[in-house]
$ cat start_31.cif   # mmCIF, C-alpha atoms and all ligand atoms
data_input
#
loop_
_atom_site.label_atom_id
_atom_site.label_comp_id
_atom_site.auth_asym_id
_atom_site.auth_seq_id
_atom_site.Cartn_x
_atom_site.Cartn_y
_atom_site.Cartn_z
CA MET A 122 -34.86 -8.18 -16.19
CA ASN A 123 -36.65 -5.11 -17.42
CA LYS A 124 -34.08 -2.37 -17.80
CA GLY A 125 -36.52 0.50 -17.93
CA ASN A 126 -38.19 0.04 -14.60
CA PHE A 127 -36.31 -2.42 -12.47
CA GLU A 128 -38.09 -2.66 -9.13
CA VAL A 129 -37.28 -4.80 -6.12
CA ARG A 130 -40.41 -6.95 -5.97
CA LYS A 131 -39.01 -9.67 -3.81
CA ILE A 132 -35.90 -9.77 -1.67
CA GLU A 133 -34.76 -12.43 0.73
CA PHE A 134 -31.67 -13.02 2.80
CA VAL A 135 -30.05 -16.23 1.59
CA LYS A 136 -26.77 -16.64 3.44
CA SER A 137 -23.57 -15.21 4.79
CA ALA A 138 -20.23 -16.33 3.41
CA THR A 139 -16.54 -15.63 3.52
CA LYS A 140 -15.14 -17.68 0.65
CA PRO A 141 -16.22 -18.52 -2.91
CA GLU A 142 -17.14 -22.13 -2.07
CA GLU A 143 -19.79 -20.72 0.24
CA TYR A 144 -21.38 -18.30 -2.24
CA PRO A 145 -24.87 -19.18 -3.52
CA SER A 146 -24.34 -22.04 -5.93
CA ASP A 147 -26.75 -20.98 -8.67
CA ASP A 148 -25.37 -18.70 -11.35
CA LEU A 149 -27.34 -15.53 -10.77
CA PRO A 150 -25.24 -12.34 -11.07
CA PHE A 151 -23.95 -10.30 -8.11
CA VAL A 152 -24.31 -6.61 -7.39
CA GLY A 153 -21.88 -5.62 -4.62
CA PHE A 154 -22.35 -2.76 -2.14
CA ALA A 155 -19.23 -1.38 -0.48
CA GLY A 156 -18.26 1.63 1.55
CA ARG A 157 -16.72 2.76 4.79
CA SER A 158 -18.52 2.04 8.02
CA ASN A 159 -21.32 4.48 8.76
CA VAL A 160 -21.53 5.69 5.14
CA GLY A 161 -25.22 4.68 5.04
CA LYS A 162 -24.98 1.26 3.39
CA SER A 163 -27.58 -0.50 5.51
CA SER A 164 -29.93 2.45 5.05
CA LEU A 165 -29.41 2.43 1.29
CA LEU A 166 -30.11 -1.29 1.05
CA ASN A 167 -33.24 -0.89 3.13
CA THR A 168 -34.34 1.97 0.90
CA LEU A 169 -33.81 -0.06 -2.26
CA ALA A 170 -35.74 -2.92 -0.68
CA ASN A 171 -38.54 -0.70 0.65
CA ARG A 172 -37.94 -2.24 4.05
CA LYS A 173 -37.28 -0.82 7.45
CA LYS A 174 -35.05 -3.61 8.61
CA LEU A 175 -33.89 -5.75 5.74
CA ALA A 176 -30.30 -5.34 6.80
CA LEU A 177 -31.20 -6.50 10.28
CA VAL A 178 -29.32 -9.71 9.69
CA SER A 179 -26.13 -7.76 9.13
CA GLN A 180 -26.53 -6.33 12.61
CA THR A 181 -26.30 -9.78 14.09
CA PRO A 182 -22.97 -9.94 15.91
CA GLY A 183 -20.31 -11.34 13.62
CA ARG A 184 -22.30 -10.97 10.43
CA THR A 185 -21.06 -7.47 9.71
CA ARG A 186 -17.68 -8.93 8.84
CA LEU A 187 -19.10 -11.42 6.35
CA LEU A 188 -20.47 -11.16 2.84
CA ASN A 189 -24.26 -11.19 3.09
CA PHE A 190 -26.21 -12.40 0.05
CA TYR A 191 -29.77 -11.24 -0.65
CA ARG A 192 -31.62 -12.72 -3.63
CA VAL A 193 -33.67 -10.14 -5.54
CA ASN A 194 -36.61 -11.10 -7.80
CA GLU A 195 -35.08 -14.58 -8.22
CA ALA A 196 -32.85 -12.82 -10.78
CA LEU A 197 -29.73 -11.50 -9.04
CA TYR A 198 -28.07 -11.02 -5.67
CA PHE A 199 -27.38 -7.88 -3.73
CA VAL A 200 -24.18 -8.59 -1.81
CA ASP A 201 -23.68 -6.49 1.31
CA LEU A 202 -19.93 -6.26 1.85
CA PRO A 203 -18.39 -5.45 5.21
CA GLY A 204 -17.70 -1.78 5.89
CA TYR A 205 -14.11 -0.63 5.96
CA GLY A 206 -12.23 2.24 7.52
CA PHE A 207 -12.02 1.20 11.13
CA ALA A 208 -8.85 3.07 11.92
CA LYS A 209 -8.42 0.97 15.01
CA ALA A 210 -9.18 -2.45 13.57
CA PRO A 211 -6.54 -4.99 14.50
CA LYS A 212 -4.04 -5.84 11.76
CA ALA A 213 -5.17 -9.46 11.60
CA GLN A 214 -8.78 -8.39 11.13
CA GLN A 215 -7.81 -5.99 8.35
CA ALA A 216 -5.86 -8.72 6.59
CA GLN A 217 -8.87 -11.03 6.83
CA TRP A 218 -11.11 -8.33 5.37
CA GLU A 219 -8.73 -7.79 2.48
CA ARG A 220 -8.50 -11.46 1.71
CA MET A 221 -12.27 -11.87 1.70
CA MET A 222 -12.75 -8.82 -0.51
CA ASN A 223 -9.96 -9.92 -2.86
CA ARG A 224 -11.53 -13.27 -3.40
CA PHE A 225 -14.91 -11.72 -3.97
CA VAL A 226 -13.64 -9.47 -6.73
CA GLU A 227 -10.87 -11.55 -8.27
CA ALA A 228 -12.52 -14.90 -8.63
CA ASN A 229 -15.87 -13.61 -9.57
CA ALA A 230 -17.15 -13.47 -13.10
CA ARG A 231 -20.59 -13.07 -11.55
CA LEU A 232 -19.85 -9.63 -10.16
CA ARG A 233 -21.45 -7.20 -12.62
CA VAL A 234 -21.11 -3.96 -10.70
CA MET A 235 -19.88 -2.58 -7.41
CA VAL A 236 -22.07 0.11 -5.96
CA THR A 237 -19.48 2.16 -4.10
CA LEU A 238 -20.85 4.42 -1.40
CA LEU A 239 -19.22 7.72 -0.51
CA ASP A 240 -20.57 10.25 1.97
CA VAL A 241 -21.44 13.31 -0.08
CA ARG A 242 -19.87 15.62 2.51
CA ARG A 243 -16.59 13.81 2.97
CA GLU A 244 -13.37 13.94 1.04
CA LEU A 245 -12.12 10.72 -0.49
CA GLU A 246 -9.82 8.95 1.89
CA PRO A 247 -6.93 6.63 1.02
CA ASP A 248 -9.01 3.49 1.58
CA ASP A 249 -11.79 4.81 -0.70
CA ARG A 250 -9.20 5.44 -3.41
CA ALA A 251 -7.68 2.01 -2.85
CA LEU A 252 -11.09 0.38 -3.32
CA LEU A 253 -11.72 2.32 -6.54
CA ASP A 254 -8.22 1.56 -7.89
CA TRP A 255 -8.65 -2.08 -7.19
CA LEU A 256 -12.08 -2.26 -8.87
CA VAL A 257 -10.65 -0.59 -11.96
CA TYR A 258 -7.70 -2.97 -11.91
CA HIS A 259 -10.07 -5.94 -11.95
CA GLY A 260 -12.37 -4.41 -14.54
CA VAL A 261 -15.41 -4.25 -12.26
CA PRO A 262 -17.88 -1.54 -13.36
CA ILE A 263 -18.43 1.11 -10.71
CA ILE A 264 -21.53 3.02 -9.68
CA VAL A 265 -20.84 5.69 -7.08
CA ALA A 266 -23.69 6.61 -4.76
CA LEU A 267 -23.06 9.85 -2.87
CA THR A 268 -24.95 9.13 0.32
CA LYS A 269 -26.75 11.40 2.79
CA ALA A 270 -27.42 13.90 -0.01
CA ASP A 271 -30.15 15.46 2.13
CA LYS A 272 -27.37 16.90 4.27
CA VAL A 273 -26.32 19.16 1.41
CA GLY A 274 -28.56 22.15 0.83
CA HIS A 275 -30.81 21.97 -2.20
CA GLY A 276 -29.02 24.82 -3.91
CA ARG A 277 -25.60 23.24 -3.56
CA ARG A 278 -26.57 19.73 -4.49
CA ILE A 279 -25.91 19.86 -8.24
CA GLU A 280 -22.72 21.81 -7.68
CA THR A 281 -21.56 19.13 -5.27
CA LEU A 282 -22.48 16.38 -7.72
CA ARG A 283 -20.51 18.04 -10.52
CA ALA A 284 -17.45 18.46 -8.32
CA ARG A 285 -17.59 14.80 -7.28
CA GLN A 286 -18.08 13.62 -10.85
CA LYS A 287 -14.97 15.53 -11.83
CA GLU A 288 -12.98 14.20 -8.92
CA LEU A 289 -14.07 10.62 -9.66
CA ALA A 290 -13.50 10.80 -13.42
CA PRO A 291 -10.07 9.08 -13.24
CA TRP A 292 -11.84 5.87 -12.16
CA ASN A 293 -14.33 6.18 -15.00
CA PRO A 294 -17.46 5.23 -13.05
CA ALA A 295 -20.50 4.16 -15.07
CA GLU A 296 -22.59 6.46 -12.91
CA VAL A 297 -22.19 8.96 -10.08
CA LEU A 298 -25.43 9.86 -8.38
CA LEU A 299 -26.80 11.54 -5.31
CA PHE A 300 -28.64 9.32 -2.86
CA SER A 301 -30.65 9.89 0.28
CA SER A 302 -32.30 7.25 2.39
CA LEU A 303 -34.20 10.00 4.14
CA THR A 304 -35.85 11.49 1.04
CA ARG A 305 -35.30 8.51 -1.31
CA LEU A 306 -33.53 10.82 -3.73
CA GLY A 307 -31.66 8.77 -6.32
CA ARG A 308 -33.44 5.50 -5.63
CA GLU A 309 -34.97 5.14 -9.11
CA ASP A 310 -31.76 6.23 -10.83
CA LEU A 311 -29.68 3.80 -8.82
CA LEU A 312 -32.00 0.88 -9.61
CA ALA A 313 -31.97 1.82 -13.30
CA ALA A 314 -28.17 2.04 -13.34
CA ILE A 315 -27.88 -1.36 -11.66
CA ALA A 316 -30.31 -2.87 -14.19
CA ARG A 317 -28.31 -1.47 -17.11
CA LEU A 318 -25.11 -3.07 -15.85
CA VAL A 319 -26.63 -6.39 -14.86
CA ALA A 320 -28.47 -6.84 -18.15
CA PRO A 321 -26.51 -4.73 -20.63
CA SER A 322 -28.21 -5.95 -23.78
CA ASP A 323 -31.30 -8.02 -23.11
CA ALA A 324 -34.49 -7.05 -21.35
CA THR A 325 -35.88 -10.29 -20.04
N1 LIG A 401 -29.48 12.32 6.98
C1 LIG A 401 -29.23 11.07 6.58
N2 LIG A 401 -28.71 10.18 7.44
C2 LIG A 401 -28.45 8.93 6.99
C3 LIG A 401 -28.71 8.54 5.65
N3 LIG A 401 -28.32 7.25 5.50
C4 LIG A 401 -27.86 6.85 6.70
N4 LIG A 401 -27.93 7.84 7.61
C5 LIG A 401 -27.51 7.76 9.03
O1 LIG A 401 -26.13 7.45 9.08
C6 LIG A 401 -25.87 6.51 10.13
C7 LIG A 401 -25.23 5.26 9.55
O2 LIG A 401 -26.15 4.64 8.68
P1 LIG A 401 -26.07 3.08 8.32
O3 LIG A 401 -27.04 2.85 7.22
O4 LIG A 401 -26.20 2.24 9.53
O5 LIG A 401 -24.56 2.99 7.78
P2 LIG A 401 -23.64 1.73 7.48
O6 LIG A 401 -22.71 1.60 8.64
O7 LIG A 401 -22.90 2.09 6.25
O8 LIG A 401 -24.52 0.54 7.28
C8 LIG A 401 -27.20 6.25 10.79
O9 LIG A 401 -27.29 7.09 11.91
C9 LIG A 401 -28.22 6.63 9.74
O10 LIG A 401 -29.43 7.05 10.28
C10 LIG A 401 -29.27 9.52 4.76
O11 LIG A 401 -29.52 9.29 3.57
N5 LIG A 401 -29.51 10.76 5.28
MG MG A 402 -24.53 -1.29 8.15
#
$ encode --input "start_31.cif" --output "structure tokens" --more "lines below"
Ligand SMILES: Nc1nc2c(ncn2[C@@H]2O[C@H](COP(=O)(O)OP(=O)(O)O)[C@@H](O)[C@H]2O)c(=O)[nH]1
Ligand SMILES: [Mg+2]
Amino acid sequence: MNKGNFEVRKIEFVKSATKPEEYPSDDLPFVGFAGRSNVGKSSLLNTLANRKKLALVSQTPGRTRLLNFYRVNEALYFVDLPGYGFAKAPKAQQAQWERMMNRFVEANARLRVMVTLLDVRRELEPDDRALLDWLVYHGVPIIVALTKADKVGHGRRIETLRARQKELAPWNPAEVLLFSSLTRLGREDLLAAIARLVAPSDAT
């Protein structure tokens, strides 16, 4: 993987899964994508992939509550994790989500980084903090993408970024960056940050 200019040349949906036995059985590394529902995760994945509807499969009924694995450049997987933060989700469904997420993080030496999406305009909520705490606890490197950055005025953007970086410092993220699927702001930086964490030393 070339660290300098990682580009998504090829991306294909491989499978959906709930438990480790169902994950792709090769040993390519995982890059997870997590965030609350409606944060812009599907849009971000489509933007990284240069597609309009890559995440279409995750709109198939049922699939949004599964882990969806996309193989990128035959070198790694993007793993689209189910959105959280349905205030009204039934208890049983929440428990199932937690169990699936726990297994993904705990039993997974392949997980190199979790791209954690936060809406640039919203305050951190308890479930965002819980996700960050839990990633730190398990030693999973964190990249924070502040989504929908186009909704913050140009003049305020850097100010907003600084404030968020400060707020997020306790979780020691590898990177905090602004992202917009509308303008593609942050796309190159996000890909570069992912490449650094997936291939920390070599540049194959
Ligand atoms: N202005 C703006 N809207 C966005 C952006 N990303 C997503 N959205 C909108 O936010 C809503 C939720 O986006 P989606 O990608 O489906 O979120 P998901 O539920 O996290 O997968 C949709 O109406 C998108 O059009 C962005 O970068 N800028
Ligand atoms: Mg989505």
$ closest_residue --input "start_31.cif" --among "A:Ala320, A:Leu306, A:Leu289, A:Leu282" --to "ligand LIG 401 (chain A)" --atoms "all atoms listed in the file"
A:Leu306
$ atom_distance --input "start_31.cif" --atom1 "atom CA of A:Leu303" --atom2 "atom CA of A:Val234"
24.2 Å
$ residues_near_ligand --input "start_31.cif" --ligand "ligand LIG 401 (chain A)" --cutoff "10 Å" --atoms "all atoms listed in the file" --output "VMD selection string"
chain A and resid 154 to 168 176 179 to 180 185 201 to 205 238 to 241 267 to 273 299 to 306
$ closest_residue --input "start_31.cif" --among "A:Val261, A:Ile315, A:Leu245, A:Leu187" --to "ligand MG 402 (chain A)" --atoms "all atoms listed in the file"
A:Leu187
$ atom_distance --input "start_31.cif" --atom1 "atom CA of A:Tyr144" --atom2 "atom CA of A:Arg317"
23.5 Å
$ closest_residue --input "start_31.cif" --among "A:Lys136, A:Lys131, A:Arg186, A:Arg277" --to "ligand MG 402 (chain A)" --atoms "only C-alpha atoms and all ligand atoms"
A:Arg186
$ closest_residue --input "start_31.cif" --among "A:Val226, A:Ala316, A:Val257, A:Leu197" --to "A:Pro291" --atoms "only C-alpha atoms"
A:Val257
$ residues_around --input "start_31.cif" --residues "A:Ile264" --least-positions-apart "2" --cutoff "7 Å" --atoms "all atoms listed in the file" --output "list of chain:residue names"
A:Met235, A:Val236, A:Thr237, A:Pro262, A:Ala266, A:Pro294, A:Ala295, A:Glu296, A:Val297
$ write_last_selection --input "start_31.cif" --atoms "C-alpha atoms" --output "compact mmCIF listing (two decimals), in the coordinates of the input"
# COMPACT_ATOMS: atom_id res chain seq x y z
CA MET A 235 -19.88 -2.58 -7.41
CA VAL A 236 -22.07 0.11 -5.96
CA THR A 237 -19.48 2.16 -4.10
CA PRO A 262 -17.88 -1.54 -13.36
CA ALA A 266 -23.69 6.61 -4.76
CA PRO A 294 -17.46 5.23 -13.05
CA ALA A 295 -20.50 4.16 -15.07
CA GLU A 296 -22.59 6.46 -12.91
CA VAL A 297 -22.19 8.96 -10.08
$ atom_distance --input "start_31.cif" --atom1 "atom CA of A:Val135" --atom2 "atom CA of A:Leu188"
10.9 Å
$ residues_around --input "start_31.cif" --residues "A:Phe127" --least-positions-apart "5" --cutoff "12 Å" --atoms "all atoms listed in the file" --output "ChimeraX atom specification"
/A:122,169-170,193-194,196-197,308-320,324-325
$ closest_residue --input "start_31.cif" --among "A:Ala284, A:Leu252, A:Leu149, A:Ala213" --to "A:Leu232" --atoms "all atoms listed in the file"
A:Leu149
$ residues_around --input "start_31.cif" --residues "A:Tyr198" --least-positions-apart "5" --cutoff "10 Å" --atoms "all atoms listed in the file" --output "PyMOL selection string"
chain A and resi 132-135+145+148-153+189-193+231-232
$ closest_residue --input "start_31.cif" --among "A:Trp255, A:Arg220, A:Ala230, A:Arg278" --to "A:Thr139" --atoms "all atoms listed in the file"
A:Arg220
$ decode --input "start_31.cif" --residues "stretch 184-206 of chain A" --atoms "N, CA and C atoms" --output "PDB file, in the first residue's frame"
ATOM      1  N   ARG A 184     -29.949  -5.176   6.194  1.00  0.00           N
ATOM      2  CA  ARG A 184     -28.486  -5.071   6.100  1.00  0.00           C
ATOM      3  C   ARG A 184     -27.906  -3.936   6.933  1.00  0.00           C
ATOM      4  N   THR A 185     -28.718  -2.950   7.237  1.00  0.00           N
ATOM      5  CA  THR A 185     -28.193  -1.810   7.987  1.00  0.00           C
ATOM      6  C   THR A 185     -27.835  -2.199   9.416  1.00  0.00           C
ATOM      7  N   ARG A 186     -28.298  -3.351   9.845  1.00  0.00           N
ATOM      8  CA  ARG A 186     -27.972  -3.780  11.205  1.00  0.00           C
ATOM      9  C   ARG A 186     -26.877  -4.841  11.223  1.00  0.00           C
ATOM     10  N   LEU A 187     -26.223  -5.009  10.073  1.00  0.00           N
ATOM     11  CA  LEU A 187     -25.136  -5.983   9.975  1.00  0.00           C
ATOM     12  C   LEU A 187     -23.820  -5.264   9.725  1.00  0.00           C
ATOM     13  N   LEU A 188     -22.726  -5.992   9.840  1.00  0.00           N
ATOM     14  CA  LEU A 188     -21.429  -5.470   9.429  1.00  0.00           C
ATOM     15  C   LEU A 188     -21.317  -5.738   7.928  1.00  0.00           C
ATOM     16  N   ASN A 189     -21.016  -4.710   7.147  1.00  0.00           N
ATOM     17  CA  ASN A 189     -20.896  -4.887   5.707  1.00  0.00           C
ATOM     18  C   ASN A 189     -19.441  -4.701   5.278  1.00  0.00           C
ATOM     19  N   PHE A 190     -18.894  -5.723   4.635  1.00  0.00           N
ATOM     20  CA  PHE A 190     -17.469  -5.744   4.280  1.00  0.00           C
ATOM     21  C   PHE A 190     -17.262  -5.417   2.800  1.00  0.00           C
ATOM     22  N   TYR A 191     -16.456  -4.398   2.547  1.00  0.00           N
ATOM     23  CA  TYR A 191     -16.100  -4.014   1.176  1.00  0.00           C
ATOM     24  C   TYR A 191     -14.592  -4.180   0.999  1.00  0.00           C
ATOM     25  N   ARG A 192     -14.174  -4.963   0.019  1.00  0.00           N
ATOM     26  CA  ARG A 192     -12.743  -5.143  -0.220  1.00  0.00           C
ATOM     27  C   ARG A 192     -12.239  -4.013  -1.122  1.00  0.00           C
ATOM     28  N   VAL A 193     -11.142  -3.397  -0.687  1.00  0.00           N
ATOM     29  CA  VAL A 193     -10.572  -2.250  -1.398  1.00  0.00           C
ATOM     30  C   VAL A 193      -9.201  -2.627  -1.954  1.00  0.00           C
ATOM     31  N   ASN A 194      -9.013  -2.463  -3.249  1.00  0.00           N
ATOM     32  CA  ASN A 194      -7.717  -2.696  -3.911  1.00  0.00           C
ATOM     33  C   ASN A 194      -7.126  -4.075  -3.598  1.00  0.00           C
ATOM     34  N   GLU A 195      -7.945  -5.037  -3.273  1.00  0.00           N
ATOM     35  CA  GLU A 195      -7.467  -6.370  -2.879  1.00  0.00           C
ATOM     36  C   GLU A 195      -6.477  -6.280  -1.716  1.00  0.00           C
ATOM     37  N   ALA A 196      -6.535  -5.199  -0.932  1.00  0.00           N
ATOM     38  CA  ALA A 196      -5.501  -4.964   0.080  1.00  0.00           C
ATOM     39  C   ALA A 196      -6.058  -4.816   1.496  1.00  0.00           C
ATOM     40  N   LEU A 197      -7.298  -4.399   1.615  1.00  0.00           N
ATOM     41  CA  LEU A 197      -7.898  -4.179   2.933  1.00  0.00           C
ATOM     42  C   LEU A 197      -9.412  -4.148   2.779  1.00  0.00           C
ATOM     43  N   TYR A 198     -10.095  -4.129   3.929  1.00  0.00           N
ATOM     44  CA  TYR A 198     -11.558  -4.017   3.900  1.00  0.00           C
ATOM     45  C   TYR A 198     -12.003  -2.729   4.571  1.00  0.00           C
ATOM     46  N   PHE A 199     -12.959  -2.070   3.958  1.00  0.00           N
ATOM     47  CA  PHE A 199     -13.738  -1.048   4.643  1.00  0.00           C
ATOM     48  C   PHE A 199     -14.920  -1.800   5.267  1.00  0.00           C
ATOM     49  N   VAL A 200     -15.135  -1.603   6.559  1.00  0.00           N
ATOM     50  CA  VAL A 200     -16.240  -2.280   7.224  1.00  0.00           C
ATOM     51  C   VAL A 200     -17.248  -1.235   7.693  1.00  0.00           C
ATOM     52  N   ASP A 201     -18.403  -1.268   7.061  1.00  0.00           N
ATOM     53  CA  ASP A 201     -19.482  -0.329   7.372  1.00  0.00           C
ATOM     54  C   ASP A 201     -20.265  -0.895   8.554  1.00  0.00           C
ATOM     55  N   LEU A 202     -20.155  -0.222   9.690  1.00  0.00           N
ATOM     56  CA  LEU A 202     -20.797  -0.703  10.911  1.00  0.00           C
ATOM     57  C   LEU A 202     -22.166  -0.061  11.064  1.00  0.00           C
ATOM     58  N   PRO A 203     -23.081  -0.754  11.700  1.00  0.00           N
ATOM     59  CA  PRO A 203     -24.433  -0.199  11.819  1.00  0.00           C
ATOM     60  C   PRO A 203     -24.457   1.090  12.636  1.00  0.00           C
ATOM     61  N   GLY A 204     -25.266   2.030  12.206  1.00  0.00           N
ATOM     62  CA  GLY A 204     -25.404   3.305  12.913  1.00  0.00           C
ATOM     63  C   GLY A 204     -26.034   3.104  14.285  1.00  0.00           C
ATOM     64  N   TYR A 205     -25.673   3.961  15.208  1.00  0.00           N
ATOM     65  CA  TYR A 205     -26.258   3.868  16.545  1.00  0.00           C
ATOM     66  C   TYR A 205     -27.030   5.144  16.852  1.00  0.00           C
ATOM     67  N   GLY A 206     -27.635   5.172  18.025  1.00  0.00           N
ATOM     68  CA  GLY A 206     -28.299   6.383  18.469  1.00  0.00           C
ATOM     69  C   GLY A 206     -29.783   6.446  18.158  1.00  0.00           C
TER      70      GLY A 206
END
